[in-house]
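Q: Quick one: the structure is below, and I'll ask about it shortly.
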Amino acid sequence: MDFKRWVIAGSTGMICMGSIPVMAETAVEDREGVIVVTASRVETPLQDVAADVTVRDFETLRRDGFTSGTDEFRGIPGVSFRRGEGDGDVFPFVSIRGSTGTEGYLTLIDGMPFDLNEEGALQIVPYPAVSRVEIVKGPVSTLYGRGALYGAVNYITIDPSADRITASVTAGSDDYYRGEFGFAKPISDTLGLVAIGAYENSGGWREQGAREQVNLFAKLEWAAGPDTDLSFYGSFQDQRAETPSVIPLLDDGTPIDVFGGREKFNGFGDPAVDLQGGIGAIRVEHRVSDELTLTVSGQYRQFNFDNRLNFYDPFGFAPDRNIFGVNGFYAQSDYEVAYGEATAQYEGGGHNIVAGIVGETALVRREDFWSGQNGFTFQCGFTFYLAEIDYVNGGVANRDHPCFVVDNPLASNRQRTNYISAFVQDEIKLTDALFLTLGARYDRFRRTTRYYPIEGGSDGSFGKATADAISPKASLSWRYDDGQVYIAYGRGFNSNFGPAFEFNPDQYARPEQRPTTLDSVEIGWKGSALDETLNFALTAFYSIQKNRRQTVPNPAAETDFSAPSSLITFGDRYESKGVEAALDIRPRDGTHIQINYSHIAPRWKEYTIQQFSGPLDLSGTTPVGVAKNTVYIAAEQQISPWLSGRAVLEWYDDYQVTADNSVEGGEYTLLTLGARIEPESWRGFALDLSLLNALDEEYLFLFGGIDTPTYGTPGTPRQFRATLSAKF
């Protein structure tokens, strides 16, 4: 057993010694005195929340070398992730408690959703303005509606009460530079202001991996009267993120030696994601009485995406010719979303009730273009926009083929999605120690999609769908002086509409529409011991998801060539169960240790894939991309009054790469080292040094098809960061 295996085994043993072998829970970060809002929509001490909540402080994340989206998920029990085509936060696959794909959780800013098509939208998070993130594991659709199947991730922006002016400059490996200025202060007895500007530029460690972005954020909080508070904020982003190439895999999951190694770009064109846009929001809170508070919130977000990408094409893989395939893709997308909610909170007579109505309308305009060798004829090779990449010599091997086209228009559509919902939740104080929470929500959705005619292609079409869902919730908790034990049930759901292209009735038949639902039960124990030297949080959970959407060949198309080639079906089910544990240890002043562990065991209960050769029953297999075990150990020591050191060890276990479970892999270990230098004579200045992936581990995020691995995305090698910051 090598060194890192000893470390992992030892850390797991430490967890199991503390009466934690049966249950597990949430990451704990300064649990004592922390107030959270996401799990209940009411400000509640973290220790009293009957849910699995992790709080991550962004200042700590930046000290650890935070670079891009998904870094906030590192080390959280029950969470694993892969970075797909595009690296960074362009195509993140975040798995919470066994969820697959990108549809498992809902992203929020200050409690209001900002997802894109019911998927987490890490690209548009105004990260420089975020003070902390609250991650709730388990369904919270009762409070937040669609998308919150396996959890919700709430990015909470900086408050004027922080009362500080900050400035920082960061430099690091591969031409990484970042500058930021922040102002957060009360400017009168009734007015507070936050203003933040940040610029980031990175050359990237891989060719075609550069990144540049500008973030601006401003928030105004005004006490308009003794019982009325108003809050306004606006953010703006201008970002360009180049997308490096992927590494093709052999049948056993072994990566191929490509031209120029991992750092070289092997693909078509100059793929990159450009986005511009912003978010504006307003919130008015009025205290009608000591018991009743009314709140009205509204949000508008508008983003323009200009995506030029390479999608890996497994049908183009020909190792006998040293070729792998990609599809050249270009899309112009405009998103406009208006969101509003009105809520009431009543606390009195042993009840803490929160209720509200919510509405949202989203308009998406999009045009798609494809590049590559295209045509279902003998002359064109029965291909779909295939660019053959020579991975030995580099370059596009079939660039001069007569059927090779560039930016060929394939679709132009306009999509409108509306939903309205109502919810209520009541926390009932049964005794001084026993609390019962009951809640429910109703949501109704409608989507219409207009496909416009394409010259030389389609004649245009129109698709529509409706869906509704009821999401109940119940929990019972017993609180004692140093903690809480609880059992909770919740239902999460997603409308299951899917991407816009599945609403083209010329290509996809959709005879019915069903939302997907997830029912989950968890048992948790959280608290403190040893005179608050030790804080712990433990959870065991079981969930089952029904009616997952699947695209299969349309049987009607076998005899009717005018029928759509694909059919949208519903009905697959899978379950997930696991244990999570976290310890937060402060044995003495200046020493802080965190140990997190999770074991996740998802399984398809009913899963049949339709192939040209017939149905393939994969019931009983494990979903792809879910790490079975994760371990996170963070230790911080104040070495002297002006120097502190920090080390973070992360280990992610193997996961299934192919749907039939014939190939698994992906295990990796990361060690991050850091130090803070802050002499008193520097008067508010501090220097943070961090070394990410200090052992320079070489690893891949692996992806696969039904029975064959397809590609891997290289993980980041060793990186150095130095940040000089000042607080006034």
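Identifiers in this document derive from the order of the structure tokens: chains are assigned A, B, ..., residues are numbered from 1 separately in each chain, and ligands are numbered from 1 in order of occurrence.
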Show me, as a list in words, the residues that have an atom within 9 Å of Thr295 in chain A when counting only C-alpha atoms, minus same-chain residues fewer than 4 positions from it.

A: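 Residues near the query, excluding close chain neighbours: Arg283, Val284, Glu285, His286, Arg287, Glu341, Ala342, Thr343, Ala344 and Gln345 of chain A.
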
Q: I'd like the neighbourhood of Ala397 in chain A as a PyMOL selection string, where a residue qualifies if any of its atoms comes within 12 Å (using only C-alpha atoms), though same-chain residues fewer than 2 positions away should be ignored.

A: chain A and resi 266-268+316+318+321-326+372-373+386-395+399-401+404

Q: Write the selection just made, keeping N, CA, C and O atoms, as a compact mmCIF listing (two decimals), in the first residue's frame?

A:
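Everything below was put into out34.txt:
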```
# COMPACT_ATOMS: atom_id res chain seq x y z
N ASN A 266 -6.03 19.11 -29.91
CA ASN A 266 -6.31 18.25 -31.05
C ASN A 266 -7.81 18.32 -31.32
O ASN A 266 -8.60 17.61 -30.68
N GLY A 267 -8.20 19.17 -32.24
CA GLY A 267 -9.62 19.35 -32.50
C GLY A 267 -9.85 20.18 -33.73
O GLY A 267 -8.95 20.40 -34.55
N PHE A 268 -11.08 20.66 -33.86
CA PHE A 268 -11.49 21.44 -35.03
C PHE A 268 -11.73 22.89 -34.64
O PHE A 268 -12.46 23.18 -33.68
N GLY A 316 -16.92 8.16 -34.66
CA GLY A 316 -15.79 8.53 -35.51
C GLY A 316 -14.45 8.01 -35.03
O GLY A 316 -13.41 8.34 -35.60
N ALA A 318 -11.52 5.65 -34.84
CA ALA A 318 -10.93 4.61 -35.71
C ALA A 318 -9.46 4.48 -35.36
O ALA A 318 -8.59 5.05 -36.04
N ARG A 321 -6.73 3.81 -37.87
CA ARG A 321 -6.28 4.91 -38.74
C ARG A 321 -5.75 6.09 -37.93
O ARG A 321 -5.52 7.17 -38.45
N ASN A 322 -5.61 5.90 -36.61
CA ASN A 322 -5.15 6.97 -35.72
C ASN A 322 -6.10 8.17 -35.75
O ASN A 322 -5.67 9.32 -35.79
N ILE A 323 -7.38 7.88 -35.71
CA ILE A 323 -8.41 8.91 -35.85
C ILE A 323 -9.38 8.85 -34.68
O ILE A 323 -9.79 7.77 -34.25
N PHE A 324 -9.75 10.02 -34.15
CA PHE A 324 -10.95 10.12 -33.33
C PHE A 324 -11.81 11.24 -33.89
O PHE A 324 -11.32 12.10 -34.64
N GLY A 325 -13.10 11.21 -33.58
CA GLY A 325 -14.02 12.15 -34.21
C GLY A 325 -14.62 13.14 -33.24
O GLY A 325 -14.84 12.85 -32.06
N VAL A 326 -14.88 14.34 -33.78
CA VAL A 326 -15.63 15.35 -33.05
C VAL A 326 -16.66 15.96 -34.00
O VAL A 326 -16.51 15.90 -35.22
N GLY A 372 -18.50 19.80 -40.21
CA GLY A 372 -17.92 18.47 -40.35
C GLY A 372 -18.40 17.80 -41.62
O GLY A 372 -19.17 18.36 -42.41
N GLN A 373 -17.96 16.60 -41.82
CA GLN A 373 -18.39 15.79 -42.97
C GLN A 373 -19.80 15.29 -42.69
O GLN A 373 -20.03 14.56 -41.74
N LEU A 386 -19.03 15.12 -39.02
CA LEU A 386 -17.86 14.46 -38.43
C LEU A 386 -16.57 15.16 -38.87
O LEU A 386 -16.31 15.30 -40.07
N ALA A 387 -15.79 15.58 -37.90
CA ALA A 387 -14.42 16.07 -38.16
C ALA A 387 -13.46 15.03 -37.62
O ALA A 387 -13.45 14.74 -36.42
N GLU A 388 -12.70 14.42 -38.52
CA GLU A 388 -11.76 13.37 -38.13
C GLU A 388 -10.44 13.99 -37.69
O GLU A 388 -9.78 14.68 -38.48
N ILE A 389 -10.06 13.73 -36.45
CA ILE A 389 -8.85 14.32 -35.88
C ILE A 389 -7.75 13.27 -35.89
O ILE A 389 -7.90 12.19 -35.29
N ASP A 390 -6.66 13.58 -36.54
CA ASP A 390 -5.49 12.69 -36.56
C ASP A 390 -4.72 12.91 -35.27
O ASP A 390 -4.08 13.94 -35.08
N TYR A 391 -4.80 11.94 -34.37
CA TYR A 391 -4.20 12.16 -33.05
C TYR A 391 -2.71 11.80 -33.00
O TYR A 391 -2.09 11.89 -31.95
N VAL A 392 -2.14 11.40 -34.12
CA VAL A 392 -0.70 11.15 -34.19
C VAL A 392 0.04 12.34 -34.78
O VAL A 392 1.08 12.77 -34.27
N ASN A 393 -0.52 12.91 -35.82
CA ASN A 393 0.14 14.04 -36.49
C ASN A 393 -0.55 15.37 -36.25
O ASN A 393 -0.02 16.42 -36.61
N GLY A 394 -1.76 15.36 -35.67
CA GLY A 394 -2.50 16.59 -35.47
C GLY A 394 -3.24 16.99 -36.74
O GLY A 394 -2.95 16.52 -37.84
N GLY A 395 -4.22 17.86 -36.59
CA GLY A 395 -4.94 18.35 -37.76
C GLY A 395 -6.21 17.57 -38.03
O GLY A 395 -6.49 16.53 -37.42
N ARG A 399 -10.66 17.32 -43.73
CA ARG A 399 -11.04 18.72 -43.96
C ARG A 399 -11.35 19.00 -45.42
O ARG A 399 -12.20 19.86 -45.73
N ASP A 400 -10.74 18.29 -46.36
CA ASP A 400 -10.94 18.55 -47.79
C ASP A 400 -11.98 17.64 -48.42
O ASP A 400 -12.14 17.62 -49.65
N HIS A 401 -12.69 16.88 -47.61
CA HIS A 401 -13.73 16.00 -48.16
C HIS A 401 -14.85 16.84 -48.77
O HIS A 401 -15.23 17.88 -48.21
N PHE A 404 -17.65 17.97 -46.49
CA PHE A 404 -17.29 18.71 -45.28
C PHE A 404 -17.84 20.13 -45.40
O PHE A 404 -17.56 20.85 -46.36
```

Q: Using only C-alpha atoms, pick whichever of A:Lys429, A:Arg491, A:Arg514, A:His599 has the shortest atom-to-atom distance to Gly138 in chain A.

A: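 Closest residue, counting only C-alpha atoms: A:Arg491.
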
Q: When DSSP is applied to the backbone of this structure, which of range 135-344 of chain A are assigned strand (DSSP E or B)? Write them out as an MDAnalysis selection string.

A: chainID A and resid 135:137 151:157 164:172 176:186 191:202 211:225 228:242 247:249 255 272:287 292:318 323:344

Q: Can you pull out the residues contacting Glu360 in chain A? Cut-off 10 Å, using only C-alpha atoms, and skip same-chain residues under 5 positions away; I want them as a compact mmCIF listing (two decimals) with all heavy atoms, in the first residue's frame.

A:
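So the final result, stored in part-v1.txt, reads:
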```txt
# COMPACT_ATOMS: atom_id res chain seq x y z
N PRO A 113 -33.88 31.31 -7.70
CA PRO A 113 -33.26 30.45 -8.71
C PRO A 113 -32.65 31.26 -9.85
O PRO A 113 -33.15 32.33 -10.23
CB PRO A 113 -34.44 29.61 -9.23
CG PRO A 113 -35.45 29.66 -8.13
CD PRO A 113 -35.30 31.01 -7.50
N GLY A 298 -38.16 40.06 -6.72
CA GLY A 298 -38.19 39.94 -8.17
C GLY A 298 -36.78 39.87 -8.72
O GLY A 298 -35.84 40.44 -8.15
N GLN A 299 -36.63 39.14 -9.81
CA GLN A 299 -35.31 39.00 -10.43
C GLN A 299 -35.46 38.98 -11.95
O GLN A 299 -36.41 38.39 -12.47
CB GLN A 299 -34.65 37.70 -9.97
CG GLN A 299 -33.24 37.47 -10.51
CD GLN A 299 -32.83 36.01 -10.46
OE1 GLN A 299 -33.15 35.23 -11.35
NE2 GLN A 299 -32.14 35.63 -9.39
N TYR A 300 -34.54 39.61 -12.62
CA TYR A 300 -34.47 39.55 -14.09
C TYR A 300 -33.04 39.22 -14.47
O TYR A 300 -32.09 39.81 -13.94
CB TYR A 300 -34.87 40.90 -14.72
CG TYR A 300 -34.68 40.93 -16.21
CD1 TYR A 300 -35.59 40.31 -17.06
CD2 TYR A 300 -33.57 41.56 -16.77
CE1 TYR A 300 -35.42 40.33 -18.43
CE2 TYR A 300 -33.39 41.58 -18.15
CZ TYR A 300 -34.31 40.97 -18.98
OH TYR A 300 -34.13 40.98 -20.34
N VAL A 337 -35.04 35.92 -18.54
CA VAL A 337 -35.87 35.28 -17.52
C VAL A 337 -36.34 36.33 -16.53
O VAL A 337 -35.53 37.14 -16.04
CB VAL A 337 -35.09 34.17 -16.77
CG1 VAL A 337 -36.01 33.46 -15.78
CG2 VAL A 337 -34.48 33.17 -17.75
N ALA A 338 -37.63 36.32 -16.25
CA ALA A 338 -38.21 37.18 -15.21
C ALA A 338 -38.82 36.28 -14.14
O ALA A 338 -39.58 35.35 -14.45
CB ALA A 338 -39.26 38.10 -15.80
N TYR A 339 -38.49 36.57 -12.89
CA TYR A 339 -38.91 35.74 -11.76
C TYR A 339 -39.47 36.63 -10.67
O TYR A 339 -38.93 37.72 -10.39
CB TYR A 339 -37.70 34.95 -11.23
CG TYR A 339 -37.93 34.18 -9.96
CD1 TYR A 339 -38.35 32.86 -9.99
CD2 TYR A 339 -37.73 34.77 -8.71
CE1 TYR A 339 -38.56 32.13 -8.83
CE2 TYR A 339 -37.93 34.06 -7.54
CZ TYR A 339 -38.35 32.74 -7.60
OH TYR A 339 -38.55 32.04 -6.44
N GLY A 340 -40.55 36.20 -10.05
CA GLY A 340 -41.12 36.95 -8.94
C GLY A 340 -41.74 36.05 -7.91
O GLY A 340 -42.23 34.95 -8.23
N GLU A 341 -41.70 36.47 -6.65
CA GLU A 341 -42.32 35.68 -5.59
C GLU A 341 -42.80 36.62 -4.49
O GLU A 341 -42.24 37.71 -4.27
CB GLU A 341 -41.36 34.65 -5.01
CG GLU A 341 -40.19 35.23 -4.25
CD GLU A 341 -39.33 34.15 -3.57
OE1 GLU A 341 -39.15 33.08 -4.18
OE2 GLU A 341 -38.86 34.40 -2.46
N THR A 417 -41.02 29.26 -21.67
CA THR A 417 -41.42 28.39 -20.57
C THR A 417 -42.01 29.25 -19.46
O THR A 417 -41.38 30.22 -19.03
CB THR A 417 -40.22 27.60 -20.02
OG1 THR A 417 -39.60 26.86 -21.09
CG2 THR A 417 -40.67 26.61 -18.95
N ASN A 418 -43.20 28.90 -19.02
CA ASN A 418 -43.86 29.61 -17.93
C ASN A 418 -44.17 28.63 -16.81
O ASN A 418 -44.51 27.47 -17.06
CB ASN A 418 -45.18 30.23 -18.40
CG ASN A 418 -44.97 31.29 -19.47
OD1 ASN A 418 -44.07 32.12 -19.37
ND2 ASN A 418 -45.79 31.24 -20.51
N TYR A 419 -44.05 29.11 -15.59
CA TYR A 419 -44.53 28.27 -14.48
C TYR A 419 -45.05 29.15 -13.35
O TYR A 419 -44.64 30.31 -13.18
CB TYR A 419 -43.46 27.29 -14.02
CG TYR A 419 -42.51 27.76 -12.95
CD1 TYR A 419 -42.87 27.74 -11.61
CD2 TYR A 419 -41.22 28.19 -13.28
CE1 TYR A 419 -41.99 28.14 -10.62
CE2 TYR A 419 -40.34 28.59 -12.29
CZ TYR A 419 -40.73 28.57 -10.97
OH TYR A 419 -39.85 28.97 -10.00
N ILE A 420 -45.96 28.57 -12.61
CA ILE A 420 -46.51 29.24 -11.44
C ILE A 420 -46.65 28.20 -10.34
O ILE A 420 -46.91 27.02 -10.61
CB ILE A 420 -47.88 29.90 -11.76
CG1 ILE A 420 -48.34 30.74 -10.56
CG2 ILE A 420 -48.92 28.86 -12.16
CD1 ILE A 420 -49.51 31.65 -10.90
N SER A 421 -46.46 28.61 -9.10
CA SER A 421 -46.50 27.65 -8.00
C SER A 421 -46.92 28.33 -6.71
O SER A 421 -46.87 29.57 -6.59
CB SER A 421 -45.14 26.98 -7.83
OG SER A 421 -44.16 27.94 -7.48
N PHE A 445 -46.30 23.84 -15.15
CA PHE A 445 -45.39 24.32 -16.18
C PHE A 445 -46.07 24.26 -17.56
O PHE A 445 -46.90 23.39 -17.82
CB PHE A 445 -44.15 23.43 -16.26
CG PHE A 445 -43.30 23.46 -15.04
CD1 PHE A 445 -43.64 22.74 -13.92
CD2 PHE A 445 -42.15 24.24 -15.00
CE1 PHE A 445 -42.86 22.76 -12.79
CE2 PHE A 445 -41.36 24.27 -13.87
CZ PHE A 445 -41.72 23.54 -12.77
```

Q: Neighbours of Tyr451 in chain A within 10 Å (only C-alpha atoms; same-chain residues fewer than 5 positions away dropped), as a PyMOL selection string?

A: chain A and resi 366-367+411-415+458-463+500-501+503-506

Q: Using N, CA, C and O atoms, can you write the selected residues to a file as a JSON list (two decimals), in the first residue's frame?

A:
```json
[["chain", "number", "residue", "atom", "x", "y", "z"],
["A", 366, "ARG", "N", -32.44, 30.77, -30.00],
["A", 366, "ARG", "CA", -31.21, 30.04, -30.28],
["A", 366, "ARG", "C", -31.11, 29.68, -31.75],
["A", 366, "ARG", "O", -32.11, 29.33, -32.39],
["A", 367, "GLU", "N", -29.89, 29.74, -32.26],
["A", 367, "GLU", "CA", -29.57, 29.29, -33.61],
["A", 367, "GLU", "C", -28.38, 28.34, -33.52],
["A", 367, "GLU", "O", -27.37, 28.66, -32.88],
["A", 411, "ALA", "N", -30.73, 24.60, -37.07],
["A", 411, "ALA", "CA", -31.94, 24.90, -36.31],
["A", 411, "ALA", "C", -31.96, 26.35, -35.88],
["A", 411, "ALA", "O", -30.92, 26.95, -35.58],
["A", 412, "SER", "N", -33.17, 26.90, -35.88],
["A", 412, "SER", "CA", -33.42, 28.24, -35.35],
["A", 412, "SER", "C", -34.74, 28.17, -34.61],
["A", 412, "SER", "O", -35.77, 27.83, -35.20],
["A", 413, "ASN", "N", -34.71, 28.45, -33.32],
["A", 413, "ASN", "CA", -35.94, 28.27, -32.55],
["A", 413, "ASN", "C", -36.12, 29.36, -31.50],
["A", 413, "ASN", "O", -35.17, 30.07, -31.13],
["A", 414, "ARG", "N", -37.34, 29.43, -31.04],
["A", 414, "ARG", "CA", -37.74, 30.37, -29.98],
["A", 414, "ARG", "C", -38.56, 29.58, -28.98],
["A", 414, "ARG", "O", -39.56, 28.96, -29.34],
["A", 415, "GLN", "N", -38.15, 29.60, -27.72],
["A", 415, "GLN", "CA", -38.79, 28.76, -26.71],
["A", 415, "GLN", "C", -39.24, 29.60, -25.53],
["A", 415, "GLN", "O", -38.49, 30.42, -25.00],
["A", 458, "SER", "N", -35.28, 21.97, -42.85],
["A", 458, "SER", "CA", -36.63, 21.71, -42.36],
["A", 458, "SER", "C", -37.58, 22.83, -42.77],
["A", 458, "SER", "O", -37.18, 23.94, -43.11],
["A", 459, "ASP", "N", -38.89, 22.50, -42.72],
["A", 459, "ASP", "CA", -39.94, 23.47, -43.05],
["A", 459, "ASP", "C", -40.44, 24.22, -41.83],
["A", 459, "ASP", "O", -41.35, 25.04, -41.94],
["A", 460, "GLY", "N", -39.91, 23.93, -40.68],
["A", 460, "GLY", "CA", -40.38, 24.55, -39.45],
["A", 460, "GLY", "C", -41.40, 23.69, -38.75],
["A", 460, "GLY", "O", -42.03, 22.82, -39.37],
["A", 461, "SER", "N", -41.57, 23.90, -37.45],
["A", 461, "SER", "CA", -42.49, 23.09, -36.68],
["A", 461, "SER", "C", -42.80, 23.79, -35.36],
["A", 461, "SER", "O", -42.20, 24.82, -35.02],
["A", 462, "PHE", "N", -43.73, 23.20, -34.62],
["A", 462, "PHE", "CA", -44.14, 23.77, -33.34],
["A", 462, "PHE", "C", -44.35, 22.64, -32.34],
["A", 462, "PHE", "O", -45.01, 21.63, -32.66],
["A", 463, "GLY", "N", -43.77, 22.77, -31.14],
["A", 463, "GLY", "CA", -43.94, 21.76, -30.11],
["A", 463, "GLY", "C", -44.36, 22.40, -28.80],
["A", 463, "GLY", "O", -44.03, 23.57, -28.53],
["A", 500, "ALA", "N", -34.11, 22.03, -25.77],
["A", 500, "ALA", "CA", -35.01, 22.57, -26.79],
["A", 500, "ALA", "C", -35.11, 21.67, -28.01],
["A", 500, "ALA", "O", -36.19, 21.53, -28.60],
["A", 501, "PHE", "N", -34.01, 21.02, -28.42],
["A", 501, "PHE", "CA", -34.05, 20.26, -29.66],
["A", 501, "PHE", "C", -35.00, 19.06, -29.56],
["A", 501, "PHE", "O", -35.48, 18.56, -30.57],
["A", 503, "PHE", "N", -37.95, 19.23, -28.61],
["A", 503, "PHE", "CA", -39.30, 19.72, -28.86],
["A", 503, "PHE", "C", -39.57, 19.93, -30.34],
["A", 503, "PHE", "O", -40.59, 20.50, -30.71],
["A", 504, "ASN", "N", -38.65, 19.48, -31.18],
["A", 504, "ASN", "CA", -38.86, 19.57, -32.62],
["A", 504, "ASN", "C", -39.67, 18.35, -33.06],
["A", 504, "ASN", "O", -39.15, 17.24, -33.12],
["A", 505, "PRO", "N", -40.97, 18.51, -33.36],
["A", 505, "PRO", "CA", -41.80, 17.35, -33.69],
["A", 505, "PRO", "C", -41.41, 16.67, -34.99],
["A", 505, "PRO", "O", -41.84, 15.54, -35.24],
["A", 506, "ASP", "N", -40.58, 17.32, -35.80],
["A", 506, "ASP", "CA", -40.10, 16.66, -37.02],
["A", 506, "ASP", "C", -39.08, 15.57, -36.70],
["A", 506, "ASP", "O", -38.90, 14.64, -37.49]]
```

Q: Find the spatial neighbours of Pro77 in chain A, counting only C-alpha atoms, within a cut-off of 10 Å - ignore same-chain residues fewer than 4 positions away - and output them as a list in words.

A: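 Using only C-alpha atoms, the neighbours found are Ala24, Glu25, Thr26, Ala27, Val28, Thr54, Phe73, Ile96, Arg97, Lys137, Thr539, Val579, Glu580, Ala581, Ala582, Ile595, Asn596, Tyr597, Ser598, His599, Ile600, Asn629, Thr630, Val631 and Tyr632 of chain A.
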
Q: Between A:Gly684, A:Pro160, A:Gly278, A:Gly375, which residue has the minimum interatomic distance to Lys727 in chain A, considering only C-alpha atoms?

A: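 For Lys727 in chain A, the nearest of the given residues is A:Gly684.
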
Q: Just the residues within 8 Å of range 564-578 of chain A, please, counting only C-alpha atoms, with nothing from its chain fewer than 5 positions along; format it as a ChimeraX atom specification.

A: /A:78,97-98,502,505-514,540-554,556-557,598-608

Q: Restricting it to C-alpha atoms, dump the selection as an mmCIF file, in the first residue's frame.

A:
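The result, stored in result00.cif:
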```cif
data_model
loop_
_atom_site.group_PDB
_atom_site.id
_atom_site.type_symbol
_atom_site.label_atom_id
_atom_site.label_comp_id
_atom_site.auth_asym_id
_atom_site.auth_seq_id
_atom_site.Cartn_x
_atom_site.Cartn_y
_atom_site.Cartn_z
ATOM 1 C CA GLY A 78 -21.949 12.894 -0.815
ATOM 2 C CA ARG A 97 -26.039 11.726 -3.487
ATOM 3 C CA GLY A 98 -25.804 9.652 -6.654
ATOM 4 C CA GLU A 502 -36.255 17.502 -28.197
ATOM 5 C CA PRO A 505 -41.802 17.347 -33.690
ATOM 6 C CA ASP A 506 -40.101 16.664 -37.016
ATOM 7 C CA GLN A 507 -37.358 14.731 -35.201
ATOM 8 C CA TYR A 508 -38.842 13.746 -31.799
ATOM 9 C CA ALA A 509 -42.232 12.260 -30.958
ATOM 10 C CA ARG A 510 -43.523 13.153 -27.478
ATOM 11 C CA PRO A 511 -46.909 11.464 -26.985
ATOM 12 C CA GLU A 512 -46.918 12.231 -23.248
ATOM 13 C CA GLN A 513 -45.137 14.355 -20.681
ATOM 14 C CA ARG A 514 -44.268 13.313 -17.137
ATOM 15 C CA ALA A 540 -27.888 8.156 6.420
ATOM 16 C CA PHE A 541 -30.213 8.487 3.408
ATOM 17 C CA TYR A 542 -32.216 6.504 0.889
ATOM 18 C CA SER A 543 -33.855 7.912 -2.261
ATOM 19 C CA ILE A 544 -35.628 6.597 -5.321
ATOM 20 C CA GLN A 545 -36.141 8.533 -8.549
ATOM 21 C CA LYS A 546 -38.947 7.710 -11.002
ATOM 22 C CA ASN A 547 -39.830 8.592 -14.594
ATOM 23 C CA ARG A 548 -36.454 9.626 -15.900
ATOM 24 C CA ARG A 549 -36.656 10.904 -19.468
ATOM 25 C CA GLN A 550 -35.050 8.791 -22.205
ATOM 26 C CA THR A 551 -34.683 9.112 -25.975
ATOM 27 C CA VAL A 552 -35.189 5.866 -27.917
ATOM 28 C CA PRO A 553 -35.619 4.946 -31.608
ATOM 29 C CA ASN A 554 -39.193 5.562 -32.746
ATOM 30 C CA ALA A 556 -43.215 4.147 -36.097
ATOM 31 C CA ALA A 557 -40.269 5.339 -38.193
ATOM 32 C CA SER A 598 -19.032 9.600 2.405
ATOM 33 C CA HIS A 599 -20.059 6.318 0.843
ATOM 34 C CA ILE A 600 -22.658 6.425 -1.947
ATOM 35 C CA ALA A 601 -24.298 3.328 -3.453
ATOM 36 C CA PRO A 602 -26.687 4.154 -6.326
ATOM 37 C CA ARG A 603 -28.338 1.435 -8.411
ATOM 38 C CA TRP A 604 -30.656 1.325 -11.401
ATOM 39 C CA LYS A 605 -33.854 -0.488 -10.394
ATOM 40 C CA GLU A 606 -35.424 -0.331 -13.850
ATOM 41 C CA TYR A 607 -33.264 0.714 -16.793
ATOM 42 C CA THR A 608 -33.681 -0.501 -20.361
#
```

Q: Would you mind listing what lies within 12 Å of Asp175 in chain A as a list in words, with only C-alpha atoms counted and same-chain residues fewer than 5 positions away left out?

A: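 So, after excluding close chain neighbours, the residues are Thr170, Glu200, Asn201, Ser202, Gly203, Gly204, Trp205, Arg206, Gly209, Ala210, Arg211, Glu212, Gln719, Phe720 and Arg721 of chain A.
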